[in-house]
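One file, protein.txt, is given below (compact mmCIF, C-alpha atoms).
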# COMPACT_ATOMS: atom_id res chain seq x y z
CA MET A 261 147.66 70.61 111.61
CA LEU A 262 147.61 67.47 113.75
CA GLU A 263 143.96 68.07 114.50
CA SER A 264 143.01 68.21 110.83
CA LEU A 265 145.04 65.09 110.09
CA LEU A 266 143.27 63.21 112.86
CA ILE A 267 139.90 64.27 111.49
CA SER A 268 140.93 63.11 108.01
CA LEU A 269 142.11 59.73 109.33
CA GLN A 270 138.96 59.32 111.40
CA LEU A 271 136.77 60.25 108.46
CA ALA A 272 138.62 57.86 106.16
CA LEU A 273 138.44 55.02 108.65
CA VAL A 274 134.74 55.40 109.50
CA THR A 275 133.83 55.90 105.84
CA THR A 276 135.81 52.83 104.75
CA ILE A 277 134.23 50.55 107.34
CA ILE A 278 130.66 51.63 106.57
CA LEU A 279 131.37 51.69 102.85
CA LEU A 280 132.59 48.08 102.79
CA CYS A 281 129.36 46.93 104.42
CA ILE A 282 127.26 48.82 101.87
CA ALA A 283 129.41 48.05 98.84
CA LEU A 284 129.65 44.29 99.30
CA PRO A 285 125.94 43.57 98.70
CA LEU A 286 125.93 46.09 95.84
CA ALA A 287 128.98 44.42 94.28
CA TYR A 288 127.33 41.02 94.71
CA LEU A 289 124.15 42.21 92.98
CA LEU A 290 126.08 43.74 90.10
CA ALA A 291 128.38 40.74 89.71
CA PHE A 292 125.83 37.94 89.72
CA LYS A 293 122.25 39.16 89.34
CA SER A 294 120.39 40.51 86.38
CA PHE A 295 117.43 42.67 87.26
CA ALA A 296 115.50 45.67 85.97
CA GLY A 297 117.44 48.83 86.62
CA ARG A 298 120.78 47.06 86.77
CA THR A 299 122.40 49.46 84.32
CA ALA A 300 120.92 52.42 86.15
CA LEU A 301 122.39 51.15 89.40
CA GLU A 302 125.79 50.66 87.78
CA VAL A 303 125.67 54.22 86.43
CA VAL A 304 124.68 55.67 89.80
CA VAL A 305 127.52 53.81 91.48
CA ALA A 306 130.00 55.09 88.89
CA LEU A 307 128.69 58.69 88.84
CA PRO A 308 131.06 60.04 91.51
CA LEU A 309 133.97 59.13 89.21
CA VAL A 310 133.00 61.81 86.71
CA LEU A 311 130.82 64.23 88.67
CA PRO A 312 132.55 67.42 89.86
CA PRO A 313 132.85 67.00 93.64
CA THR A 314 131.14 70.33 94.16
CA VAL A 315 128.09 69.10 92.26
CA LEU A 316 127.87 66.00 94.42
CA GLY A 317 128.52 68.13 97.49
CA TYR A 318 125.78 70.54 96.51
CA PHE A 319 123.14 67.84 96.11
CA VAL A 320 124.15 66.20 99.36
CA LEU A 321 123.97 69.56 101.09
CA VAL A 322 120.49 70.20 99.71
CA MET A 323 119.36 66.78 100.93
CA MET A 324 120.76 67.51 104.37
CA ALA A 325 119.08 70.88 104.77
CA PRO A 326 116.90 71.02 107.91
CA ASP A 327 113.77 71.54 105.78
CA SER A 328 114.47 68.42 103.67
CA ILE A 329 113.27 64.90 104.55
CA ILE A 330 116.64 63.45 105.50
CA GLY A 331 118.01 66.61 107.10
CA GLY A 332 114.77 67.20 108.97
CA ALA A 333 114.63 63.63 110.27
CA TRP A 334 118.22 63.85 111.48
CA GLN A 335 117.49 67.19 113.14
CA SER A 336 114.53 65.85 115.08
CA LEU A 337 116.35 62.62 116.00
CA PHE A 338 119.63 64.07 117.22
CA ASN A 339 118.64 67.71 117.70
CA ARG A 340 121.50 68.96 115.54
CA SER A 341 122.19 69.67 111.90
CA LEU A 342 123.45 66.90 109.62
CA ALA A 343 125.02 69.44 107.29
CA PHE A 344 128.32 70.88 108.53
CA SER A 345 128.83 67.95 110.92
CA PHE A 346 131.23 65.03 110.99
CA SER A 347 128.36 62.59 110.38
CA GLY A 348 127.30 64.62 107.36
CA MET A 349 130.83 64.38 105.99
CA VAL A 350 130.83 60.61 106.49
CA ALA A 351 127.57 60.31 104.55
CA ALA A 352 128.91 62.45 101.72
CA SER A 353 132.23 60.56 101.66
CA ILE A 354 130.42 57.25 101.39
CA LEU A 355 128.66 58.44 98.26
CA TYR A 356 131.82 60.00 96.88
CA SER A 357 133.98 56.87 97.34
CA LEU A 358 131.26 54.36 96.41
CA PRO A 359 132.73 53.36 93.02
CA PHE A 360 136.15 52.82 94.55
CA ALA A 361 134.67 50.26 96.91
CA VAL A 362 132.10 48.61 94.64
CA GLN A 363 134.10 48.18 91.45
CA PRO A 364 137.11 46.21 92.79
CA MET A 365 134.80 43.91 94.75
CA GLN A 366 132.48 43.46 91.78
CA GLN A 367 135.44 42.52 89.60
CA ALA A 368 136.85 40.15 92.20
CA LEU A 369 133.50 38.40 92.66
CA ARG A 370 133.00 38.10 88.93
CA SER A 371 136.41 36.49 88.47
CA ILE A 372 135.63 33.62 90.86
CA PRO A 373 135.64 30.46 88.71
CA VAL A 374 132.10 29.19 88.08
CA SER A 375 133.37 25.69 88.94
CA TRP A 376 134.07 26.84 92.52
CA LEU A 377 130.54 28.16 92.93
CA GLU A 378 129.07 24.97 91.47
CA MET A 379 131.29 22.93 93.76
CA ALA A 380 129.89 24.91 96.68
CA GLN A 381 126.38 24.02 95.50
CA THR A 382 127.01 20.31 95.06
CA GLN A 383 128.91 20.19 98.37
CA GLY A 384 125.71 21.43 99.98
CA LEU A 385 126.93 24.85 101.12
CA ASN A 386 124.06 27.28 101.72
CA MET A 387 124.16 30.94 100.64
CA LYS A 388 125.81 32.16 103.82
CA GLN A 389 128.41 29.39 103.86
CA THR A 390 129.17 29.99 100.19
CA LEU A 391 129.65 33.69 100.87
CA LEU A 392 131.86 33.19 103.92
CA GLN A 393 133.78 30.07 102.90
CA VAL A 394 134.12 30.46 99.14
CA MET A 395 133.31 33.93 97.82
CA LEU A 396 134.92 36.18 100.42
CA PRO A 397 138.17 34.21 100.68
CA ALA A 398 138.33 34.08 96.87
CA ALA A 399 137.59 37.82 96.59
CA LYS A 400 139.78 38.78 99.54
CA GLY A 401 142.15 40.74 97.29
CA GLY A 402 139.27 42.74 95.85
CA VAL A 403 137.93 43.57 99.31
CA LEU A 404 141.37 44.75 100.48
CA VAL A 405 141.82 46.83 97.34
CA ALA A 406 138.36 48.33 97.86
CA ALA A 407 139.28 49.22 101.45
CA ALA A 408 142.62 50.75 100.52
CA LEU A 409 141.18 52.77 97.64
CA SER A 410 138.22 54.00 99.68
CA PHE A 411 140.53 55.05 102.49
CA ALA A 412 142.97 56.86 100.18
CA HIS A 413 140.22 58.48 98.16
CA THR A 414 138.44 59.75 101.28
CA MET A 415 141.73 61.13 102.61
CA GLY A 416 142.11 62.99 99.32
CA GLU A 417 138.66 64.59 99.24
CA PHE A 418 138.39 68.32 98.98
CA GLY A 419 135.37 69.66 97.16
CA VAL A 420 132.74 67.44 98.75
CA VAL A 421 133.97 67.84 102.33
CA LEU A 422 134.30 71.57 101.87
CA MET A 423 130.72 71.86 100.63
CA VAL A 424 129.19 69.50 103.16
CA GLY A 425 131.53 69.93 106.11
CA GLY A 426 132.06 73.64 105.92
CA SER A 427 135.64 73.60 107.27
CA ILE A 428 134.84 73.97 110.95
CA PRO A 429 138.14 73.71 112.87
CA GLY A 430 138.21 70.70 115.18
CA GLU A 431 135.13 69.14 113.65
CA THR A 432 135.01 69.16 109.88
CA LYS A 433 138.26 70.80 108.83
CA VAL A 434 140.16 67.92 107.23
CA ALA A 435 143.84 67.88 106.23
CA SER A 436 143.30 68.71 102.57
CA ILE A 437 141.33 71.82 103.52
CA ALA A 438 143.85 72.73 106.22
CA LEU A 439 146.54 72.59 103.56
CA PHE A 440 144.56 74.98 101.36
CA ASP A 441 144.22 77.40 104.31
CA MET A 442 147.94 77.16 105.08
CA VAL A 443 148.86 78.06 101.54
CA GLU A 444 146.42 80.95 101.59
CA MET A 445 147.99 82.21 104.82
CA GLN A 446 151.47 81.58 103.42
CA GLN A 447 152.47 79.10 106.14
CA SER A 448 154.71 77.33 103.68
CA ASP A 449 156.70 75.23 106.21
CA GLN A 450 153.57 73.70 107.64
CA ALA A 451 152.06 73.31 104.18
CA TRP A 452 155.12 71.36 103.07
CA ILE A 453 154.93 68.95 105.96
CA LEU A 454 151.20 68.36 105.60
CA ALA A 455 151.46 67.90 101.85
CA LEU A 456 154.27 65.37 102.31
CA ILE A 457 152.27 63.43 104.88
CA LEU A 458 149.24 63.26 102.56
CA LEU A 459 151.50 62.21 99.72
CA ALA A 460 153.00 59.46 101.86
CA VAL A 461 149.59 58.12 102.89
CA SER A 462 148.43 57.95 99.28
CA PHE A 463 151.71 56.33 98.21
CA VAL A 464 151.47 53.64 100.87
CA MET A 465 147.83 52.92 100.07
CA LEU A 466 148.43 52.61 96.34
CA SER A 467 151.51 50.43 96.91
CA LEU A 468 149.27 48.16 98.94
CA VAL A 469 146.73 48.05 96.11
CA TYR A 470 149.31 47.14 93.49
CA THR A 471 150.92 44.50 95.70
CA ILE A 472 147.54 42.88 96.34
CA ASN A 473 146.65 43.02 92.66
CA ARG A 474 149.81 41.19 91.68
CA ARG A 475 149.30 38.52 94.35
CA GLY A 476 145.62 38.27 93.40
CA LEU A 477 146.56 37.33 89.86
CA ASP A 478 148.62 34.43 91.15
CA VAL A 479 145.70 33.13 93.20
CA SER A 480 143.22 33.17 90.32
CA ALA A 481 145.77 31.29 88.19
CA GLY A 482 145.19 28.37 90.52
CA ARG A 483 148.25 28.77 92.74
CA MET B 615 114.68 1.97 91.42
CA ASN B 616 115.57 5.52 90.48
CA HIS B 617 114.07 7.24 87.49
CA MET B 618 115.04 10.03 85.15
CA GLN B 619 113.10 11.56 82.33
CA LEU B 620 114.94 14.70 81.37
CA THR B 621 114.97 17.10 78.45
CA THR B 622 117.08 20.16 78.01
CA ARG B 623 118.57 22.24 75.21
CA ILE B 624 122.05 23.68 75.66
CA GLY B 625 123.56 25.25 72.57
CA THR B 626 123.22 22.77 69.74
CA LEU B 627 122.73 19.84 72.10
CA ASP B 628 119.23 18.52 72.50
CA LEU B 629 119.27 16.21 75.50
CA GLN B 630 116.42 13.70 75.82
CA VAL B 631 116.82 10.82 78.21
CA ASP B 632 114.33 8.48 79.79
CA ALA B 633 115.67 5.66 81.93
CA ASN B 634 115.35 3.76 85.15
CA PHE B 635 118.52 3.08 87.04
CA ALA B 636 119.28 0.92 90.02
CA ASN B 637 121.69 1.54 92.86
CA SER B 638 124.47 0.24 90.70
CA LEU B 639 127.60 1.27 88.91
CA ILE B 640 126.68 2.68 85.53
CA MET B 641 129.19 3.60 82.93
CA ILE B 642 128.31 6.19 80.30
CA SER B 643 130.21 6.40 77.03
CA GLY B 644 129.76 8.42 73.88
CA ASP B 645 131.53 10.83 71.58
CA ASN B 646 132.44 14.38 72.49
CA GLY B 647 129.34 16.54 72.49
CA ALA B 648 127.01 13.55 72.90
CA GLY B 649 125.67 15.09 76.11
CA LYS B 650 127.37 12.95 78.77
CA THR B 651 128.53 15.84 80.90
CA THR B 652 125.27 17.70 80.34
CA LEU B 653 123.36 14.66 81.55
CA LEU B 654 125.43 14.56 84.74
CA ARG B 655 124.95 18.32 85.20
CA ALA B 656 121.20 17.96 84.74
CA LEU B 657 121.16 15.16 87.33
CA ALA B 658 123.09 17.40 89.71
CA GLY B 659 120.67 20.25 89.12
CA LEU B 660 123.45 22.47 87.78
CA ALA B 661 121.97 22.44 84.27
CA GLN B 662 118.36 23.47 83.89
CA ALA B 663 116.23 20.57 82.68
CA ASP B 664 112.56 19.71 82.28
CA GLY B 665 111.00 16.42 83.22
CA GLN B 666 111.12 14.19 86.23
CA LEU B 667 113.85 12.82 88.40
CA SER B 668 113.67 10.71 91.49
CA VAL B 669 116.64 9.29 93.35
CA GLY B 670 116.74 7.25 96.55
CA GLY B 671 112.96 7.36 96.90
CA ARG B 672 112.88 11.12 96.82
CA ILE B 673 111.66 13.42 94.06
CA TRP B 674 114.41 15.77 92.87
CA LEU B 675 112.65 17.24 89.89
CA ASP B 676 109.08 17.47 88.71
CA SER B 677 108.98 20.34 86.30
CA ALA B 678 105.28 19.84 85.54
CA ALA B 679 104.57 20.59 89.19
CA GLY B 680 107.17 23.37 89.17
CA PHE B 681 109.33 21.53 91.67
CA MET B 682 113.09 21.38 91.68
CA LEU B 683 115.22 20.30 94.63
CA PRO B 684 118.25 22.63 94.67
CA PRO B 685 121.67 20.94 94.23
CA GLN B 686 122.56 21.89 97.81
CA GLN B 687 119.86 19.55 99.12
CA ARG B 688 120.54 16.60 96.83
CA ARG B 689 123.51 15.30 98.82
CA LEU B 690 125.61 14.82 95.73
CA GLY B 691 129.09 13.50 95.25
CA CYS B 692 130.63 14.98 92.12
CA VAL B 693 133.90 14.78 90.28
CA TRP B 694 134.13 17.09 87.28
CA ALA B 695 136.90 17.68 84.77
CA ASP B 696 137.69 20.84 86.74
CA VAL B 697 138.38 19.44 90.22
CA ALA B 698 137.66 22.84 91.83
CA LEU B 699 139.79 22.51 94.94
CA LEU B 700 139.92 25.79 96.84
CA PRO B 701 143.56 26.95 96.79
CA TRP B 702 143.57 28.48 100.27
CA LEU B 703 142.35 25.29 101.97
CA ARG B 704 144.47 22.25 102.74
CA VAL B 705 143.53 18.93 101.14
CA GLU B 706 141.80 17.76 104.30
CA GLU B 707 139.84 21.01 104.61
CA ASN B 708 138.79 20.78 100.98
CA ILE B 709 137.44 17.29 101.56
CA LEU B 710 135.56 18.37 104.68
CA LEU B 711 134.12 21.54 103.11
CA GLY B 712 130.38 21.74 103.71
CA THR B 713 130.25 18.62 105.89
CA GLY B 714 129.31 18.70 109.54
CA SER B 715 131.16 16.79 112.23
CA VAL B 716 134.33 14.97 111.16
CA ASP B 717 134.24 11.19 110.82
CA GLY B 718 137.97 10.64 111.27
CA LYS B 719 137.87 6.89 110.74
CA TRP B 720 135.97 7.12 107.46
CA LEU B 721 138.20 9.97 106.29
CA ALA B 722 141.36 8.02 107.07
CA GLU B 723 140.02 4.94 105.32
CA LEU B 724 139.11 6.85 102.16
CA ALA B 725 142.43 8.70 102.17
CA GLU B 726 144.16 5.33 102.33
CA LEU B 727 142.00 3.89 99.52
CA PHE B 728 142.59 6.84 97.23
CA GLU B 729 146.26 6.98 98.18
CA ILE B 730 146.29 10.56 99.39
CA THR B 731 147.12 10.00 103.08
CA PRO B 732 150.52 11.76 102.85
CA LEU B 733 148.90 14.73 101.07
CA MET B 734 146.26 15.64 103.64
CA ARG B 735 148.10 18.67 105.04
CA ARG B 736 149.13 20.05 101.66
CA LYS B 737 147.69 22.97 99.74
CA PRO B 738 146.26 22.15 96.29
CA HIS B 739 149.05 23.93 94.41
CA MET B 740 151.46 21.31 95.77
CA LEU B 741 149.49 18.46 94.18
CA SER B 742 149.93 16.85 90.78
CA THR B 743 146.88 16.72 88.50
CA GLY B 744 146.36 13.06 89.33
CA GLU B 745 146.62 13.69 93.06
CA ALA B 746 144.16 16.59 92.85
CA GLN B 747 141.73 14.33 91.01
CA ARG B 748 141.97 11.68 93.75
CA VAL B 749 141.35 14.38 96.37
CA SER B 750 138.27 15.40 94.40
CA LEU B 751 137.11 11.75 94.40
CA THR B 752 137.63 11.51 98.14
CA ARG B 753 135.68 14.72 98.68
CA ALA B 754 132.80 13.37 96.59
CA ILE B 755 132.57 10.09 98.48
CA TYR B 756 133.43 11.22 102.04
CA LYS B 757 130.01 12.82 102.48
CA ARG B 758 128.26 9.48 101.75
CA PRO B 759 126.25 10.91 98.86
CA THR B 760 122.89 9.64 97.64
CA LEU B 761 124.13 9.91 94.05
CA LEU B 762 127.68 9.83 92.80
CA LEU B 763 128.39 11.60 89.50
CA LEU B 764 131.83 11.06 88.04
CA ASP B 765 132.96 12.77 84.84
CA GLU B 766 136.04 10.87 83.69
CA PRO B 767 137.24 10.48 87.26
CA PHE B 768 140.43 8.59 86.37
CA SER B 769 141.48 10.65 83.34
CA ALA B 770 144.61 11.98 85.05
CA GLN B 771 145.65 8.68 86.66
CA ALA B 772 148.59 6.53 85.67
CA PRO B 773 147.59 3.06 84.38
CA ALA B 774 148.92 1.25 87.44
CA ILE B 775 146.87 3.22 89.95
CA ARG B 776 143.84 3.34 87.66
CA GLN B 777 143.15 -0.36 88.11
CA ARG B 778 143.35 -0.08 91.90
CA LEU B 779 140.99 2.92 91.84
CA ARG B 780 138.42 1.06 89.74
CA LEU B 781 138.30 -1.82 92.19
CA CYS B 782 138.12 0.56 95.09
CA LEU B 783 135.24 2.44 93.46
CA GLN B 784 133.44 -0.82 92.85
CA SER B 785 133.69 -1.90 96.48
CA LEU B 786 132.65 1.54 97.73
CA GLN B 787 129.58 1.45 95.48
CA THR B 788 128.62 -1.89 96.98
CA ARG B 789 129.09 -0.61 100.52
CA LEU B 790 127.25 2.69 100.06
CA HIS B 791 124.62 1.05 97.84
CA ILE B 792 124.01 4.19 95.79
CA PRO B 793 123.75 4.83 92.06
CA VAL B 794 127.10 5.76 90.56
CA LEU B 795 127.05 7.31 87.09
CA MET B 796 130.47 7.43 85.57
CA VAL B 797 131.42 8.99 82.25
CA SER B 798 134.42 7.17 80.92
CA HIS B 799 136.36 6.75 77.72
CA ASP B 800 138.51 3.79 78.72
CA THR B 801 135.79 1.38 77.61
CA ASP B 802 137.41 -2.01 77.96
CA ASP B 803 138.53 -1.85 81.56
CA THR B 804 135.72 0.12 83.08
CA ARG B 805 133.03 -1.94 81.41
CA ALA B 806 134.41 -4.92 83.21
CA LEU B 807 133.40 -3.50 86.54
CA ALA B 808 130.28 -1.57 85.59
CA HIS B 809 126.91 -3.21 86.17
CA GLU B 810 125.36 -1.31 83.33
CA HIS B 811 126.67 0.43 80.29
CA TRP B 812 124.90 3.36 78.71
CA HIS B 813 125.88 4.80 75.39
CA MET B 814 124.93 8.31 74.35
CA ARG B 815 124.71 9.89 70.94
CA GLU B 816 123.44 13.39 70.09
CA GLY B 817 121.78 13.84 73.44
CA LYS B 818 119.96 10.50 73.45
CA LEU B 819 120.51 7.40 75.51
CA LEU B 820 120.96 4.58 73.04
CA THR B 821 121.59 1.58 75.23
CA ALA B 822 120.76 0.85 78.79
CA LEU B 823 121.56 -2.80 78.98
CA PRO B 824 122.56 -4.81 82.02
CA ARG B 825 126.15 -5.97 81.70
CA HIS B 826 125.38 -9.65 81.49
CA SER B 827 122.96 -9.34 78.61
CA SER B 828 125.16 -7.04 76.58
CA PRO B 829 127.28 -8.62 73.91
CA VAL B 830 130.94 -7.75 73.90
CA GLY B 831 131.86 -5.43 71.09
CA ASN B 832 131.29 -1.98 69.77
CA PRO B 833 128.32 -0.42 71.57
CA GLU B 834 127.38 1.41 68.38
CA GLN B 835 126.72 -1.93 66.69
CA LYS B 836 124.42 -2.94 69.50
CA VAL B 837 122.43 0.17 68.83
CA ALA B 838 122.17 -0.72 65.19
CA ASN B 839 120.82 -4.13 66.18
CA HIS B 840 118.15 -2.55 68.33
CA ASP B 841 116.96 -0.23 65.63
As structure tokens, the full file:
Amino acid sequence: MLESLLISLQLALVTTIILLCIALPLAYLLAFKSFAGRTALEVVVALPLVLPPTVLGYFVLVMMAPDSIIGGAWQSLFNRSLAFSFSGMVAASILYSLPFAVQPMQQALRSIPVSWLEMAQTQGLNMKQTLLQVMLPAAKGGVLVAAALSFAHTMGEFGVVLMVGGSIPGETKVASIALFDMVEMQQSDQAWILALILLAVSFVMLSLVYTINRRGLDVSAGR
Amino acid sequence: MNHMQLTTRIGTLDLQVDANFANSLIMISGDNGAGKTTLLRALAGLAQADGQLSVGGRIWLDSAAGFMLPPQQRRLGCVWADVALLPWLRVEENILLGTGSVDGKWLAELAELFEITPLMRRKPHMLSTGEAQRVSLTRAIYKRPTLLLLDEPFSAQAPAIRQRLRLCLQSLQTRLHIPVLMVSHDTDDTRALAHEHWHMREGKLLTALPRHSSPVGNPEQKVANHD
């Protein structure tokens, strides 16, 4: 049980960190730029919200097959399969949790007062300075919410990690799958404990999100 | 001499200005919607405009040649109706935002002039509207701009302090020797210190007379005389 929990935590942590790096530029693009294919990009980002996890998992698995481009490249680089590995699960989780990272950041960036961005321009701040000294501090709440939601959502995955990870004990068997196995094997005491732990993690993460959201409102009101 | 020849359309406003301006204190008046703020925004490069603009011997805009100097590189000092102080930075940090090394002496002098010395360590939410506006003025001038654009910079000031601020702005303009364009509604007092007075109506610059040659009275009448 402990092993599966550790894998889940590790997966959630790694996914969240990588996801934030990928989602921030995406959120920036969607918040401020208009370009051809903008709607398509927004739809692709939002797809995991409505797609059955098994469908997403299936496509990811197909892409990771050793005879596919991505899977083949990985195989020749690292001499092991991307499918049914921890790295494969991370890649799938990033796709699966993408909207939970992009959307809060996109909203936070969009709600930055235009006057602040113009002030940054007339004060002579370049793009990087504006991002680091104005946008990110102003959107801090959105970034934290994105991190908390990505973490919680990755912890709660089942279908995608089962398809892509394959439930290999000690490597890809995460807590949610372990719980399923426990119930199947009628280990109800252990199942109870694990379920309570997962519940607690989600509760804490969502509490964090709601606390930040309330504080965030105060900030944008000029406080 | 600096030169502007700018045209832009924003909503129903059709801005068309053509004027030379010296490194002097210029007051701009006009009704709401006459294009005063839009003119300042066009000068800052925040509003898209066509035409030509040169300030301090440097070309800022030459739309025929497809050239526009971005606002970041114009070294502007701006005070807008929305003072845009960043709430997570202290007053001092807001003033220093985007500037390089700190000139402590200059900063202290300006803080004294704009009467914000006791506020330097405060966060913006602890300031009154008038105090925030004076911080915004300090921020605009601290960087020793090449052009100072002030959109009703004293609107939130009490009458007593207003007079002191006008004099202080006048002396700073003389010291920095830069063009200062100031939108203002309190005609009587500000005209007394401005070197030039421009009046705008429906996006056009109607008068650009030096102070000494302009008769006292309603600027609209002057316009009528010129037509």
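Near chain A, within 8 Å and using all atoms listed in the file, the residues of chain B are Ala658, Leu660, Pro685, Gln686, Gln687, Arg688, Arg689, Leu690, Gly691, Cys692, Asp696, Ala698, Leu699, Leu700, Pro701, Trp702, Leu711, Gly712, Thr713, Pro738 and His739 of chain B.
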Spatial neighbours of Met349 of chain A, 8 Å, all atoms listed in the file, chain gap at least 3 places, as JSON, numbers by chain | {"A": [271, 343, 344, 345, 346, 352, 353, 421, 424, 425, 432]}
Contact residues around segment 316-319 of chain A with all atoms listed in the file at 12 Å, ignoring same-chain residues under 6 positions, as a count of residues only = 29
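Closest approach to Gly416 of chain A among A:Gly297, A:Pro313, A:Pro364, A:Pro285 is made by A:Pro313 (distances from only C-alpha atoms).
Among the candidates B:Gly671, B:Val693, B:Arg748, B:Leu779, the one nearest to Leu654 of chain B when counting all atoms listed in the file is B:Val693.
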Using all atoms listed in the file: which of A:Ser347, A:Val405, A:Leu301, A:Leu280 has the shortest distance to Trp334 of chain A = A:Ser347
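Between atom CA of Ala460 of chain A and atom CA of Ser268 of chain A lies a distance of 14.0 Å.
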Edge lengths and centre in Å, axis-aligned, segment 685-702 of chain B plus 3 Å each side, as AutoDock Vina command-line options:
--center_x 131.7 --center_y 21.0 --center_z 92.5 --size_x 29.7 --size_y 21.0 --size_z 21.5
In Å and to one decimal, atom CA of Leu391 of chain A is distant from atom CA of Glu302 of chain A by 21.8 Å
